[in-house]
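J.: Right, I'll just put the structure down here and ask away after.
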Amino acid sequence: MRLPKCRKGHLIFRAGHRDGGRRLLTTTAITLFSSFALMPVSTASAQQSASRVSNARTFDIPSQPLASALNAFGRQSGLQVTLAAATSQGLRSATVRGTFTADQALAQLLSGTGISYRISGGTALVGQAVSAGAGNVVAADGATVLDPISAFGAGPLGAGEILISSEDLRRKNPADIADVFSGEPGISVGSSLPMSQKVYVHGIEETSLAVTIDGGRQNNKVFHHNGTNLIDPGLLKAVGVDAGVAPADAGPGALAGAISYETIDARDLLDGDGFGGFVTSSYDFNSDTVTSGLSAYGMQDGLEFLGYFKFGKGNDFTAGNGQDVPGTTTDLLSGLGKLAYEFDSGDRFEISHDSIRDDAPRPFRANMGSTTGSKPWEPPIRDYTLERGNTVFTYTDSTPEGWWNPTLLLAYSKTEVDVPVYPKPAVGVPVSYQGIGATDSYNGKFENKFSFDIGNVIAGIDFYDDEAKLRDLFDSGSEKARNVGIYAQARLEPWERTRLSFGARGDNQRFTGTTGQTWNNSGFSGNVSGEYDLIEDLLIAKAGYSHVWAGIPLAENFIINPKWDYGQGPKPVTADNYILGLEANYNGFIAEGSVFQTDIDDARTPRYAVTKGIDAHEVRSRGFEIGGGYTWGDGYFKVKYANIDVEIDGKPADSDLGTYLATPAGQIITLQAVHTLADWGITFGADAEIVLDYDDVPDGSKALEGYQVFNAFVEYVPPERANLTLRAELKNIFDETYSDRATYGQEFKAVTPLYEPGRSFILTARASF
């Protein structure tokens, strides 16, 4: 670690003509936000504000098995509901009818059950049974109910499960997807450019996971120099990760787990009928980057709408060594639109569309800084345009009863990369031409949740129709895959102190190669996981196993060869996952640990050569994670450690052979601390990531250097103006020069990897109306 350096032009602020206008714009925006937020509120506005603050919603939940009732509560309140080490065996809910706050409705629903709960950050966490009379209060109707428990953290989760709630996202204020997963040492995000970031779970690349956005399947293996899922974190309300073992209803292709992204709804921002909006703006002094967002939303008589728009503009950032990193400018445009209607019967229809566009000069190979292996006719920088869109239609029933609780989902997603290609100079060959790679997926599912006294079973059928195509001057081509699956997943509490989840799915896939040849394959997947309270309210044992059949994955667009020799055809990919863990909770203290292993067989990674279309490898990731922390009334402290070893074909993984497979990982430590001074409206926190040296690399490769990064923030919400938030962040405090462990090429002598930003001071203002 180095002490802070004071270089000319790079301590925290940098002088120059290029940033004057942006600083003025940002200062003006912050002043305007503050002025608007602090203006006297009109009578009409005050009435609307009071209506929103009342948190009032209309609930209609008949008495029924508790698990089914909690699902109905989640639909009608707009909250996520998480069962955390709770038992609902043999319990029925109380009837909830009328207009209540979410707290009041959930308290009434759980009255008489002795089960505690808390609501925080858009999530209702239903916890373990508590002794009668412990902190109980009396509701208006005379029923005994429970006070909400206010605490940080998501509570106990299943083996390999990670939940990043809206509360977590608000605290992190993420600028990119790497910030979303900060604090999770088992999840790495390579690259400092959002458009080339890839997520690795236990060292396994996300294309080996079932990734969804609002339930819509993502099939985004376009270009190995780009990321696979460019996402504006400002759209998100929650992210769920199944590391390794995933349930059958997570979708097809969950070889090493699943990642589900959920975007915000009007119901997350309003507490009843009414209208609202927010404006947000941030300024990063390192790169003179301005990011501004605007949203408007409303709810009225069952109709809901939300519109969100954000843009970012900025210059190249400066690394810890004081040098600008070429090709790192910001030019992002993103948006989200949602429209929903809920009938009096509880039938709810929703359509949403989110999109993001990155259009800026990037390093010629956008996932690395530079390489001595560049061809002499290639420029160091070229223009990339990356666009991703996702449209989802859903039907649900907000008042499910008994065994009828359906979900219908239809989705279409597409990612397209448009980039200039520079062929070897020759007579009659253009200096450059545009190559366009696009992947899309039309997919959907119909499922029903059958609720019982001891839990529920979700059964359904899903499909996808995916295509990867390249429009190229010389080698245009495409591959296609169609799949139909049938699945069922049970989540039960068959005995006291025991929670089980098990399921299976069968899939049939039709794969079409670039030559027009087709192959039909079928396979089965199964999973089982469970928790057992070794010591009630203190120590939980967890375990899980899954075998996954994923069919044949499509090739990357920009290496598609219309002349591939498929031989007998690519082999379907399969995987086996194992996880064992323990978790202890006592008076705010938590300690947890797990060991895991993932084995992927016949993982297809084609190359351009005619004979390389069916290349495949064996991948293994294994290791362990431990963590601990303490939660108090207004804050928490967490420390986590992961030790991950990744092999490809029995040898240490490298980031080149591991393209679309895996990356070296090693030992990673994360620390987080947050505290709120509630009376003053001030929250401050700090976090650190410590990555150790890693020398388990292929022969002839460089060892990966470790690094230490420290960040801090302070946030102020005026107690008398809760609609205004001001935040200051200092990232990479000690100006470390480093690349994230998952960034491509660090082990190769010919590659200068993409560095992360050096010390960065960021100001953010947000005002809601």
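Within each chain, counting starts at residue 1; across the structure tokens, chains are named A, B, ... in the order shown, with ligands numbered 1 upward in that order.
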Which residues are near Tyr395 in chain A? Cut-off 9 Å, only C-alpha atoms, ignore same chain within fewer than 4 positions. Put them as a count of residues only.
T.: 8
J.: Mind checking which residues fall within 7 Å of Gly455 in chain A, counting only C-alpha atoms, ignoring those fewer than 4 positions away in the same chain, and posting them as a list in words?
T.: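 The filter keeps Ala67, Ser451, Arg491, Leu492 and Glu493 of chain A.
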J.: Would you write out, as CSV, a table of all residues in range 569-688 of chain A that have an atom no more than 12 Å from an atom of range 745-755 of chain A, listing for each the closest atom pair and the distance in Å to one decimal, considering only C-alpha atoms and ordering rows by chain and rising residue number?
T.:
residue,atom,partner,partner_atom,distance
A:Pro652,CA,A:Glu747,CA,11.6
A:Ala653,CA,A:Glu747,CA,10.4
A:Asp654,CA,A:Glu747,CA,7.4
A:Ser655,CA,A:Gly745,CA,6.1
A:Asp656,CA,A:Gly745,CA,7.1
A:Leu657,CA,A:Gly745,CA,10.6
A:Gly658,CA,A:Gly745,CA,10.7
A:Thr659,CA,A:Gly745,CA,10.7
A:Thr663,CA,A:Gly745,CA,10.0
A:Pro664,CA,A:Glu747,CA,9.5
A:Ala665,CA,A:Gln746,CA,11.9
J.: Using only C-alpha atoms, which residues of range 530-646 of chain A come within 9 Å of range 242-259 of chain A, and what is the closest atom pair for each, with the distance in Å to one decimal? Give it as a Markdown table, sorted by chain and residue number.
T.:
| residue | atom | partner | partner_atom | distance |
| --- | --- | --- | --- | --- |
| A:Gly544 | CA | A:Val245 | CA | 6.4 |
| A:Tyr545 | CA | A:Val245 | CA | 6.0 |
| A:Ser546 | CA | A:Val245 | CA | 5.5 |
| A:His547 | CA | A:Leu255 | CA | 8.1 |
| A:Val548 | CA | A:Leu255 | CA | 5.6 |
| A:Trp549 | CA | A:Gly253 | CA | 7.1 |
| A:Ala550 | CA | A:Gly253 | CA | 4.5 |
| A:Gly551 | CA | A:Gly253 | CA | 7.6 |
| A:Pro553 | CA | A:Gly253 | CA | 8.7 |
| A:Val573 | CA | A:Leu255 | CA | 8.2 |
| A:Thr574 | CA | A:Leu255 | CA | 6.8 |
| A:Ala575 | CA | A:Leu255 | CA | 5.4 |
| A:Asp576 | CA | A:Leu255 | CA | 7.7 |
| A:Asn577 | CA | A:Gly244 | CA | 5.5 |
| A:Tyr578 | CA | A:Val245 | CA | 7.0 |
| A:Ile579 | CA | A:Gly244 | CA | 7.5 |
| A:Phe596 | CA | A:Gly244 | CA | 7.8 |
| A:Gln597 | CA | A:Gly244 | CA | 7.8 |
| A:Thr598 | CA | A:Gly244 | CA | 6.6 |
| A:Asp599 | CA | A:Ala256 | CA | 8.4 |
| A:Ile600 | CA | A:Leu255 | CA | 7.2 |
J.: Write the residues you've just listed into a file as a short mmCIF file (atom, residue, chain, number, x, y, z; two decimals), in the first residue's frame, and include N, CA, C and O atoms for each of them.
T.:
data_model
loop_
_atom_site.label_atom_id
_atom_site.label_comp_id
_atom_site.auth_asym_id
_atom_site.auth_seq_id
_atom_site.Cartn_x
_atom_site.Cartn_y
_atom_site.Cartn_z
N GLY A 544 -26.11 -28.37 -0.23
CA GLY A 544 -26.81 -28.40 -1.51
C GLY A 544 -26.03 -29.14 -2.57
O GLY A 544 -24.80 -29.23 -2.51
N TYR A 545 -26.76 -29.70 -3.53
CA TYR A 545 -26.15 -30.39 -4.67
C TYR A 545 -27.04 -30.19 -5.88
O TYR A 545 -28.28 -30.17 -5.78
N SER A 546 -26.42 -30.04 -7.05
CA SER A 546 -27.20 -29.98 -8.28
C SER A 546 -26.42 -30.61 -9.42
O SER A 546 -25.19 -30.56 -9.46
N HIS A 547 -27.16 -31.26 -10.31
CA HIS A 547 -26.63 -31.73 -11.59
C HIS A 547 -27.42 -30.99 -12.66
O HIS A 547 -28.66 -30.98 -12.64
N VAL A 548 -26.71 -30.36 -13.60
CA VAL A 548 -27.36 -29.50 -14.57
C VAL A 548 -27.00 -29.94 -15.99
O VAL A 548 -25.82 -30.14 -16.31
N TRP A 549 -28.02 -30.06 -16.82
CA TRP A 549 -27.86 -30.30 -18.26
C TRP A 549 -28.26 -29.01 -18.95
O TRP A 549 -29.36 -28.50 -18.76
N ALA A 550 -27.36 -28.45 -19.79
CA ALA A 550 -27.62 -27.12 -20.36
C ALA A 550 -27.66 -27.10 -21.87
O ALA A 550 -27.69 -26.02 -22.47
N GLY A 551 -27.63 -28.23 -22.52
CA GLY A 551 -27.65 -28.22 -23.98
C GLY A 551 -26.35 -27.69 -24.56
O GLY A 551 -25.30 -27.68 -23.91
N PRO A 553 -24.30 -24.49 -25.96
CA PRO A 553 -24.32 -23.02 -25.97
C PRO A 553 -23.95 -22.47 -27.33
O PRO A 553 -23.18 -23.07 -28.08
N VAL A 573 -23.43 -29.41 -22.65
CA VAL A 573 -22.65 -29.08 -21.46
C VAL A 573 -23.41 -29.54 -20.23
O VAL A 573 -24.63 -29.37 -20.12
N THR A 574 -22.68 -30.10 -19.28
CA THR A 574 -23.27 -30.50 -18.00
C THR A 574 -22.40 -30.00 -16.86
O THR A 574 -21.23 -29.64 -17.05
N ALA A 575 -22.98 -29.97 -15.68
CA ALA A 575 -22.24 -29.49 -14.50
C ALA A 575 -22.76 -30.16 -13.25
O ALA A 575 -23.93 -30.59 -13.18
N ASP A 576 -21.88 -30.25 -12.26
CA ASP A 576 -22.23 -30.72 -10.92
C ASP A 576 -21.73 -29.70 -9.91
O ASP A 576 -20.58 -29.25 -9.97
N ASN A 577 -22.61 -29.35 -8.98
CA ASN A 577 -22.28 -28.36 -7.95
C ASN A 577 -22.52 -28.93 -6.56
O ASN A 577 -23.50 -29.64 -6.32
N TYR A 578 -21.61 -28.58 -5.64
CA TYR A 578 -21.71 -29.02 -4.26
C TYR A 578 -21.45 -27.83 -3.34
O TYR A 578 -20.58 -27.00 -3.63
N ILE A 579 -22.16 -27.77 -2.23
CA ILE A 579 -21.89 -26.73 -1.25
C ILE A 579 -22.30 -27.22 0.13
O ILE A 579 -23.33 -27.90 0.29
N PHE A 596 -17.25 -25.19 -1.32
CA PHE A 596 -18.01 -25.37 -2.54
C PHE A 596 -17.13 -25.98 -3.62
O PHE A 596 -15.89 -25.91 -3.57
N GLN A 597 -17.78 -26.58 -4.61
CA GLN A 597 -17.09 -27.08 -5.80
C GLN A 597 -18.06 -27.10 -6.96
O GLN A 597 -19.22 -27.50 -6.82
N THR A 598 -17.58 -26.66 -8.12
CA THR A 598 -18.34 -26.71 -9.36
C THR A 598 -17.50 -27.40 -10.42
O THR A 598 -16.34 -27.02 -10.62
N ASP A 599 -18.06 -28.39 -11.07
CA ASP A 599 -17.40 -29.09 -12.18
C ASP A 599 -18.26 -28.95 -13.42
O ASP A 599 -19.42 -29.37 -13.43
N ILE A 600 -17.69 -28.35 -14.47
CA ILE A 600 -18.40 -28.20 -15.74
C ILE A 600 -17.71 -29.07 -16.79
O ILE A 600 -16.50 -28.96 -16.98
#
J.: Looking at only C-alpha atoms, which of A:Gly322, A:Pro62, A:Pro361, A:Gly203 is the one that sits closest to Ser93 in chain A?
T.: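 Of all the options, A:Pro62 lies closest to Ser93 in chain A.
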J.: For a test of reading the model, state the distance in Å between CA of Gly444 in chain A and CA of Glu262 in chain A, rounded to one decimal.
T.: 16.3 Å
J.: By how many Å are CA of Pro194 in chain A and CA of Ala688 in chain A apart?
T.: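 Separation of CA of Pro194 in chain A and CA of Ala688 in chain A: 20.7 Å.
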J.: Pick out the residues sitting within 7 Å of range 718-727 of chain A, and hand them over as a VMD selection string; count only C-alpha atoms, and ignore anything fewer than 3 positions along from it in its own chain.
T.: chain A and resid 37 to 38 680 to 681 714 to 715 763 to 769
J.: Restricting the calculation to only C-alpha atoms: of A:Asp679, A:Glu729, A:Glu583, A:Asp507, which residue gets closest to Gly523 in chain A?
T.: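 Using only C-alpha atoms, the shortest distance to Gly523 in chain A belongs to A:Asp507.
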J.: Between A:Ser63, A:Asn585, A:Gln434, A:Ser188, which is the closest to Phe558 in chain A once you count only C-alpha atoms?
T.: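 Using only C-alpha atoms, the shortest distance to Phe558 in chain A belongs to A:Gln434.
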J.: Can you list, as a list in words, every protein, DNA or RNA residue that comes within 8 Å of Phe452 in chain A when you count only C-alpha atoms, leaving out same-chain residues fewer than 6 positions away?
T.: Pro65, Ala67, Ser68 and Gly402 of chain A
J.: Selection from above, all heavy atoms, as a compact mmCIF listing (two decimals), in the first residue's frame, can you write it?
T.:
# COMPACT_ATOMS: atom_id res chain seq x y z
N PRO A 65 -53.08 -20.91 4.12
CA PRO A 65 -51.75 -21.33 4.57
C PRO A 65 -50.78 -20.16 4.54
O PRO A 65 -50.77 -19.35 3.60
CB PRO A 65 -51.37 -22.42 3.58
CG PRO A 65 -52.68 -23.00 3.16
CD PRO A 65 -53.63 -21.84 3.12
N ALA A 67 -47.63 -19.65 3.98
CA ALA A 67 -46.72 -19.44 2.84
C ALA A 67 -47.46 -18.78 1.68
O ALA A 67 -46.94 -17.87 1.03
CB ALA A 67 -46.11 -20.77 2.41
N SER A 68 -48.69 -19.22 1.41
CA SER A 68 -49.48 -18.64 0.33
C SER A 68 -49.87 -17.21 0.67
O SER A 68 -49.86 -16.32 -0.19
CB SER A 68 -50.72 -19.49 0.08
OG SER A 68 -51.52 -18.93 -0.93
N GLY A 402 -55.23 -20.71 -2.35
CA GLY A 402 -55.10 -22.15 -2.51
C GLY A 402 -54.05 -22.53 -3.52
O GLY A 402 -52.92 -22.07 -3.47
J.: Within 6 Å of Leu125 in chain A, counting only C-alpha atoms, which residues show up once you throw out same-chain ones fewer than 3 positions away? Write them as a VMD selection string, please.
T.: chain A and resid 81 to 82 117 to 118
J.: Using CA of Arg497 in chain A and CA of Ile454 in chain A as the two end points, give the distance in Å to one decimal.
T.: 12.1 Å
J.: Using only C-alpha atoms, can you tell me which of A:Gly158, A:Gly293, A:Val595, A:Gly274 comes closest to Glu531 in chain A?
T.: A:Gly158
J.: Could you write out, as a ChimeraX atom specification, all the residues of range 488-716 of chain A that DSSP marks as strand (DSSP E)?
T.: /A:488-492,498-512,518-535,539-549,574-586,589-604,616-632,635-648,651-652,666-677,682-691,707-716
J.: Which residues are close to Leu554 in chain A, i.e. within 7 Å by only C-alpha atoms, leaving aside same-chain residues fewer than 5 positions away? Reply as a list of chain:residue names.
T.: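 In the requested form, the answer reads A:Ala468, A:Glu479, A:Lys480.
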